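> Following this line is work_16.cif, made up of mmCIF, C-alpha atoms:
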data_final
loop_
_atom_site.label_atom_id
_atom_site.label_comp_id
_atom_site.auth_asym_id
_atom_site.auth_seq_id
_atom_site.Cartn_x
_atom_site.Cartn_y
_atom_site.Cartn_z
CA MET E 178 0.00 0.00 0.00
CA SER E 179 1.41 3.40 -0.92
CA ALA E 180 1.93 6.07 1.71
CA PRO E 181 -0.99 8.44 2.17
CA ASP E 182 -0.53 11.85 0.62
CA PHE E 183 -2.43 15.10 0.37
CA GLU E 184 -4.53 13.92 -2.56
CA THR E 185 -5.63 10.68 -0.91
CA LEU E 186 -6.20 11.92 2.64
CA ASP E 187 -9.44 13.55 3.69
CA VAL E 188 -11.33 14.68 6.76
CA GLY E 189 -12.17 11.72 8.96
CA ASP E 190 -9.24 9.59 7.85
CA GLU E 191 -7.33 8.03 10.70
CA MET E 192 -3.71 7.15 11.11
CA PRO E 193 -3.48 3.46 12.02
CA PRO E 194 -2.78 3.35 15.79
CA VAL E 195 0.90 2.90 16.53
CA GLU E 196 2.11 1.08 19.63
CA VAL E 197 5.25 2.77 20.95
CA GLU E 198 7.65 1.56 23.60
CA ILE E 199 8.73 4.30 25.99
CA GLY E 200 12.01 2.59 26.81
CA ARG E 201 13.81 3.54 29.99
CA ASP E 202 17.17 3.90 28.28
CA LEU E 203 15.64 5.84 25.42
CA VAL E 204 14.03 8.25 27.91
CA SER E 205 17.16 8.81 29.99
CA GLY E 206 19.33 9.11 26.88
CA HIS E 207 16.96 11.56 25.24
CA ALA E 208 16.65 13.64 28.42
CA ARG E 209 20.43 13.88 28.66
CA PHE E 210 20.65 14.81 24.99
CA LEU E 211 18.14 17.61 25.61
CA GLY E 212 20.23 18.88 28.52
CA MET E 213 17.57 17.78 31.03
CA PRO E 214 19.40 15.13 33.11
CA PHE E 215 16.98 15.49 36.00
CA PRO E 216 16.31 12.47 38.25
CA ARG E 217 12.65 12.34 37.24
CA PHE E 218 13.77 11.60 33.67
CA THR E 219 16.82 9.46 34.31
CA ASP E 220 16.34 7.43 37.44
CA GLU E 221 13.50 5.40 38.93
CA GLU E 222 14.42 6.08 42.55
CA GLY E 223 15.15 9.73 41.89
CA ALA E 224 11.73 10.14 40.32
CA ARG E 225 10.02 8.51 43.31
CA ALA E 226 11.92 10.85 45.62
CA GLU E 227 10.21 13.70 43.73
CA GLY E 228 6.81 12.16 44.44
CA LEU E 229 6.33 10.65 41.00
CA PRO E 230 5.24 7.04 40.43
CA GLY E 231 8.52 6.35 38.63
CA GLN E 232 10.81 7.57 35.88
CA ILE E 233 8.88 9.66 33.35
CA ALA E 234 9.47 10.91 29.83
CA PRO E 235 9.99 14.66 29.39
CA GLY E 236 7.11 16.45 27.70
CA ASN E 237 9.61 17.47 25.04
CA MET E 238 10.10 13.79 24.26
CA SER E 239 6.38 12.97 24.23
CA LEU E 240 5.65 15.69 21.69
CA ALA E 241 8.56 14.52 19.58
CA VAL E 242 7.24 10.95 19.61
CA LEU E 243 3.87 12.24 18.36
CA ALA E 244 5.67 14.11 15.58
CA ARG E 245 7.79 11.06 14.79
CA GLU E 246 4.77 8.84 14.23
CA LEU E 247 2.76 11.48 12.38
CA LEU E 248 5.58 12.15 9.90
CA ALA E 249 6.31 8.45 9.48
CA TRP E 250 2.69 8.07 8.42
CA ALA E 251 2.34 11.19 6.26
CA ARG E 252 5.63 10.80 4.44
CA GLY E 253 6.41 13.74 2.21
CA ALA E 254 4.55 16.21 4.42
CA ARG E 255 6.18 19.01 6.36
CA LEU E 256 5.18 19.60 9.97
CA ALA E 257 4.05 23.22 9.97
CA ARG E 258 2.59 23.40 13.47
CA LEU E 259 2.30 21.23 16.54
CA GLY E 260 0.34 22.06 19.67
CA THR E 261 0.37 19.75 22.66
CA THR E 262 -1.08 19.59 26.15
CA PHE E 263 0.54 17.28 28.67
CA ARG E 264 -2.33 15.80 30.71
CA GLY E 265 -0.63 12.94 32.50
CA VAL E 266 2.77 11.45 33.12
CA VAL E 267 4.23 9.18 30.47
CA LEU E 268 6.02 6.48 32.40
CA ALA E 269 9.35 5.17 31.20
CA GLY E 270 9.16 1.45 30.60
CA SER E 271 5.54 1.66 29.51
CA THR E 272 3.81 1.07 26.21
CA ALA E 273 1.64 3.80 24.72
CA LEU E 274 -0.61 4.15 21.71
CA VAL E 275 -0.25 7.07 19.30
CA GLN E 276 -3.25 7.95 17.14
CA ALA E 277 -4.26 10.75 14.81
CA THR E 278 -7.33 11.84 12.86
CA VAL E 279 -7.61 14.28 9.98
CA THR E 280 -9.96 17.08 11.00
CA GLY E 281 -9.51 19.61 8.21
CA LYS E 282 -8.25 20.00 4.66
CA ASP E 283 -7.29 23.22 2.87
CA GLU E 284 -6.97 22.52 -0.85
CA GLU E 285 -5.51 25.93 -1.64
CA ALA E 286 -2.84 25.88 1.06
CA ARG E 287 -2.35 22.11 0.64
CA THR E 288 -2.50 21.58 4.38
CA LEU E 289 -4.23 19.08 6.63
CA GLU E 290 -5.28 19.68 10.22
CA CYS E 291 -5.05 16.71 12.57
CA ASP E 292 -5.98 15.82 16.11
CA LEU E 293 -3.40 13.52 17.65
CA TRP E 294 -2.85 11.97 21.01
CA MET E 295 -0.88 9.49 23.06
CA GLU E 296 -2.78 7.20 25.37
CA SER E 297 -1.82 4.62 27.93
CA VAL E 298 -2.76 0.94 27.65
CA ASP E 299 -5.60 1.79 30.04
CA GLY E 300 -6.98 4.28 27.54
CA ASP E 301 -5.97 7.43 29.43
CA ARG E 302 -5.06 10.25 27.08
CA LEU E 303 -1.70 11.39 28.43
CA VAL E 304 -0.82 13.87 25.70
CA ILE E 305 -3.31 15.51 23.36
CA GLY E 306 -2.61 17.87 20.54
CA THR E 307 -3.25 19.25 17.10
CA ALA E 308 -0.95 19.50 14.13
CA THR E 309 -0.81 21.06 10.70
CA LEU E 310 0.79 19.08 7.89
CA ALA E 311 1.81 20.88 4.71
CA TRP E 312 2.57 19.43 1.29
CA PRO E 313 4.54 21.11 -1.49
CA MET Q 73 4.27 39.32 46.28
CA SER Q 74 2.07 36.84 44.43
CA PHE Q 75 1.43 35.72 40.88
CA ALA Q 76 -1.14 38.48 40.45
CA ASP Q 77 1.48 41.05 41.35
CA ILE Q 78 3.82 40.14 38.52
CA PRO Q 79 3.92 43.32 36.47
CA ARG Q 80 2.26 42.84 33.08
CA SER Q 81 5.00 45.03 31.68
CA VAL Q 82 7.07 41.85 31.36
CA LEU Q 83 4.80 40.70 28.53
CA GLY Q 84 6.51 40.91 25.17
CA GLN Q 85 9.82 42.08 26.62
CA GLU Q 86 12.87 40.11 25.55
CA TYR Q 87 14.54 38.79 28.69
CA ASP Q 88 17.16 36.58 27.10
CA ARG Q 89 19.02 36.33 23.81
CA HIS Q 90 21.20 33.31 23.29
CA VAL Q 91 23.33 32.52 20.26
CA TYR Q 92 24.07 28.83 19.76
CA PRO Q 93 27.19 27.54 18.05
CA PRO Q 94 26.64 26.13 14.55
CA VAL Q 95 24.61 22.94 14.52
CA SER Q 96 26.60 19.98 13.20
CA ALA Q 97 25.32 17.13 11.06
CA GLU Q 98 26.35 14.80 13.87
CA GLU Q 99 24.13 16.69 16.32
CA ILE Q 100 21.19 16.52 13.92
CA VAL Q 101 21.62 12.78 13.45
CA ALA Q 102 22.15 12.22 17.18
CA TYR Q 103 18.87 13.99 17.99
CA ALA Q 104 16.95 11.76 15.60
CA ARG Q 105 18.61 8.63 16.93
CA SER Q 106 17.93 9.67 20.53
CA LEU Q 107 14.25 9.55 19.59
CA GLY Q 108 14.56 6.09 18.12
CA ILE Q 109 14.30 7.39 14.55
CA ASP Q 110 16.22 5.28 12.06
CA ASP Q 111 14.63 6.62 8.86
CA PRO Q 112 17.57 7.56 6.58
CA ALA Q 113 15.70 10.74 5.62
CA TRP Q 114 16.60 12.06 9.11
CA THR Q 115 19.82 10.17 9.82
CA ASP Q 116 21.76 9.77 6.56
CA PRO Q 117 23.11 12.93 4.85
CA GLU Q 118 23.43 11.09 1.53
CA ALA Q 119 19.90 9.68 1.59
CA ALA Q 120 18.52 13.06 2.68
CA LYS Q 121 19.76 14.64 -0.56
CA ALA Q 122 16.89 12.91 -2.34
CA GLY Q 123 14.39 14.24 0.20
CA PRO Q 124 12.18 17.33 0.07
CA TRP Q 125 14.85 19.57 1.62
CA GLY Q 126 17.64 18.51 -0.75
CA GLY Q 127 19.86 17.60 2.17
CA LEU Q 128 19.97 16.76 5.82
CA VAL Q 129 17.80 18.87 8.12
CA ALA Q 130 17.00 18.49 11.80
CA PHE Q 131 13.90 16.55 12.74
CA PRO Q 132 11.48 19.44 13.41
CA THR Q 133 11.11 18.99 17.18
CA TYR Q 134 14.86 19.51 17.60
CA VAL Q 135 13.85 23.13 18.24
CA VAL Q 136 12.74 22.26 21.80
CA LYS Q 137 16.40 21.75 22.69
CA LEU Q 138 17.09 25.42 21.98
CA ARG Q 139 15.65 26.82 25.19
CA GLY Q 140 17.88 29.88 25.48
CA GLY Q 141 20.17 30.84 28.32
CA LYS Q 142 17.61 31.84 30.92
CA HIS Q 143 14.41 30.03 31.77
CA MET Q 144 12.30 33.01 32.84
CA PRO Q 145 12.78 36.59 33.98
CA ASP Q 146 13.60 36.77 37.69
CA VAL Q 147 10.35 38.51 38.58
CA VAL Q 148 8.38 35.58 37.13
CA ALA Q 149 10.70 32.77 38.22
CA ARG Q 150 10.34 33.83 41.86
CA GLU Q 151 6.63 32.96 41.69
CA MET Q 152 7.01 29.74 39.69
CA THR Q 153 9.52 27.78 41.69
CA ALA Q 154 7.30 25.53 43.80
CA GLY Q 155 6.63 22.39 41.80
CA GLY Q 156 5.83 23.96 38.47
CA PHE Q 157 5.63 21.68 35.49
CA ASP Q 158 5.49 21.75 31.73
CA ALA Q 159 1.81 21.84 30.74
CA GLY Q 160 2.30 21.88 26.99
CA LYS Q 161 3.85 23.49 23.96
CA ASP Q 162 2.71 25.16 20.77
CA ILE Q 163 5.27 25.27 18.00
CA ASP Q 164 5.12 26.97 14.60
CA PHE Q 165 7.78 25.58 12.32
CA HIS Q 166 9.27 27.64 9.51
CA ALA Q 167 12.75 27.32 7.96
CA PRO Q 168 14.46 23.97 8.60
CA ILE Q 169 17.69 23.73 10.56
CA ARG Q 170 20.58 22.58 8.39
CA PRO Q 171 24.12 21.63 9.36
CA GLY Q 172 26.15 24.80 9.92
CA ASP Q 173 23.17 26.93 10.93
CA SER Q 174 23.72 29.13 13.94
CA ILE Q 175 20.48 29.70 15.80
CA THR Q 176 19.65 32.69 17.95
CA ALA Q 177 16.95 32.22 20.59
CA SER Q 178 15.10 35.32 21.74
CA SER Q 179 12.95 34.69 24.81
CA SER Q 180 9.94 36.62 26.03
CA ILE Q 181 6.85 36.10 28.16
CA VAL Q 182 3.75 36.13 25.97
CA ASP Q 183 0.99 35.39 28.48
CA LEU Q 184 0.29 35.17 32.21
CA TYR Q 185 -3.04 33.84 33.40
CA GLU Q 186 -4.75 32.05 36.24
CA LYS Q 187 -7.38 29.32 36.02
CA THR Q 188 -9.54 28.13 38.86
CA GLY Q 189 -10.77 24.57 38.96
CA ARG Q 190 -12.00 21.98 41.43
CA SER Q 191 -8.54 21.66 42.96
CA GLY Q 192 -7.99 25.37 43.36
CA SER Q 193 -6.16 27.94 41.33
CA MET Q 194 -3.49 27.22 38.75
CA TRP Q 195 -1.03 29.73 37.44
CA PHE Q 196 0.20 29.64 33.88
CA VAL Q 197 3.16 31.35 32.32
CA VAL Q 198 3.59 31.15 28.56
CA TYR Q 199 7.06 31.96 27.35
CA ARG Q 200 8.27 32.00 23.79
CA GLN Q 201 11.57 31.20 22.20
CA GLU Q 202 11.72 32.85 18.80
CA LEU Q 203 14.41 31.03 16.86
CA ARG Q 204 16.16 32.58 13.87
CA ASN Q 205 19.07 31.36 11.81
CA GLN Q 206 22.19 33.32 10.84
CA ARG Q 207 20.35 34.72 7.80
CA GLY Q 208 17.63 36.14 10.03
CA GLU Q 209 15.06 33.64 8.77
CA LEU Q 210 12.44 32.56 11.28
CA VAL Q 211 13.02 28.91 12.18
CA ALA Q 212 10.31 28.44 14.80
CA ASN Q 213 8.27 30.03 17.53
CA VAL Q 214 8.17 27.70 20.51
CA ASP Q 215 5.55 28.65 23.13
CA SER Q 216 5.85 26.75 26.40
CA ARG Q 217 3.15 26.72 29.09
CA MET Q 218 4.43 26.30 32.62
CA MET Q 219 1.80 25.56 35.25
CA GLN Q 220 1.96 25.81 39.00
CA ARG Q 221 -0.66 25.31 41.66
CA GLY Q 222 -1.62 28.68 43.12
CA ARG Q 223 -1.15 29.50 46.75
CA SER Q 224 -4.72 30.65 47.13
CA SER Q 225 -7.92 28.91 46.12
CA GLY Q 226 -11.03 30.34 44.60
CA GLY Q 227 -14.42 29.32 43.28
CA GLY Q 228 -15.58 28.85 39.75
CA SER Q 229 -15.30 26.08 37.26
CA GLU Q 230 -12.43 24.85 35.20
CA SER Q 231 -12.27 26.78 31.95
#
Here is the file; what I need is its structure written in the form of structure tokens.

Amino acid sequence: MSAPDFETLDVGDEMPPVEVEIGRDLVSGHARFLGMPFPRFTDEEGARAEGLPGQIAPGNMSLAVLARELLAWARGARLARLGTTFRGVVLAGSTALVQATVTGKDEEARTLECDLWMESVDGDRLVIGTATLAWP
Amino acid sequence: MSFADIPRSVLGQEYDRHVYPPVSAEEIVAYARSLGIDDPAWTDPEAAKAGPWGGLVAFPTYVVKLRGGKHMPDVVAREMTAGGFDAGKDIDFHAPIRPGDSITASSSIVDLYEKTGRSGSMWFVVYRQELRNQRGELVANVDSRMMQRGRSSGGGSES
């Protein structure tokens, strides 16, 4: 099946849900790369000492994971805008589901508006957002 | 002093300007790999030449790494130190970041507001990093919302 593009996508289309592993090493490595080597992002015990249930992913990583999956789906599109709200902690070592739905299409600007979100295996929406994809 | 006493004159005023050293191709690739991205379009300079940008560019959310040299102006930071957390971000992406680009981050506060919900009041500070490259082209506006529980509670519903 060919990758979806601007011509084939329309309002109501959904990105197939993507199961993502929020690996502990990936989280701590990414946090360090971002210059955020705080215990909550790098260390299970350190996170608990801060009152958290365990090591968590930085919001900056969660939004990047949403962008990663959206652009892997809509290959050839440029990410023009991304808005996110962090509603719950994304635990390192957990599995999450990333989903997106097309909510708008501008034929003249060749852009698509999307709702996207990351939810836990329990169905809690941990990160919600909107994005604009642009095609040349 | 409380959140409500923060002078609104801070809005729109640049409180930090930070010039980053040129971004290397290695840094761009390392960012993508640190996210678990192995798509050659983001990790292989040769493969990226066939892509829409004609060469390697940073994965767009790399811009969140460029947070400037100072988190917030002192007058705001004093009121946002007790357990504040990142509530979300809104990013407008413009020119891509290519190897060799030197990015300047200009930081300002763009909004201060309070919400009252079932658990009491919440204070929000929205600060913006405006990122431009060495040619003056806008790379991104990154708006970050920091939230902190207020020290006083009030009525009303969550808005």
> Would you mind listing, as a CSV table (one decimal) with C-alpha atoms, keeping the file's coordinate frame, all residues of chain Q that have at least one atom within 7 Å of chain E, where all atoms listed in the file are what counts?

chain,number,residue,atom,x,y,z
Q,106,SER,CA,17.9,9.7,20.5
Q,107,LEU,CA,14.2,9.6,19.6
Q,133,THR,CA,11.1,19.0,17.2
Q,136,VAL,CA,12.7,22.3,21.8
Q,137,LYS,CA,16.4,21.8,22.7
Q,158,ASP,CA,5.5,21.8,31.7
Q,159,ALA,CA,1.8,21.8,30.7
Q,160,GLY,CA,2.3,21.9,27.0
Q,161,LYS,CA,3.8,23.5,24.0
Q,162,ASP,CA,2.7,25.2,20.8
Q,163,ILE,CA,5.3,25.3,18.0
Q,164,ASP,CA,5.1,27.0,14.6
Q,165,PHE,CA,7.8,25.6,12.3
Q,166,HIS,CA,9.3,27.6,9.5
> Using all atoms listed in the file, can you tell me which of E:Asp292, E:Glu284, E:Glu221, E:Asp299 comes closest to Gly270 of chain E?
E:Glu221
> What's the separation between atom CA of Ala234 of chain E and atom CA of Arg302 of chain E, in Å to one decimal place?
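One can read the atom CA of Ala234 of chain E to atom CA of Arg302 of chain E distance as 14.8 Å.
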> Determine, counting all atoms listed in the file, which protein, DNA and RNA residues have an atom within 8 Å of an atom of segment 124-128 of chain Q; residues of the same chain fewer than 2 positions away are not included. Present the result as a ChimeraX atom specification.
/E:253 /Q:97,113-122,130,170-171
> Kindly resolve the PyMOL selection byres ((chain Q and resi 209-223) around 7) on the present coordinates and return the residues as a PyMOL selection string.
chain Q and resi 152+155-168+193-205+207-208+224-225
> Kindly indicate which residue among Q:Pro132, Q:Pro93, Q:Pro79, Q:Gly123 lies nearest to Thr176 of chain Q, using all atoms listed in the file for the distances.
Q:Pro93
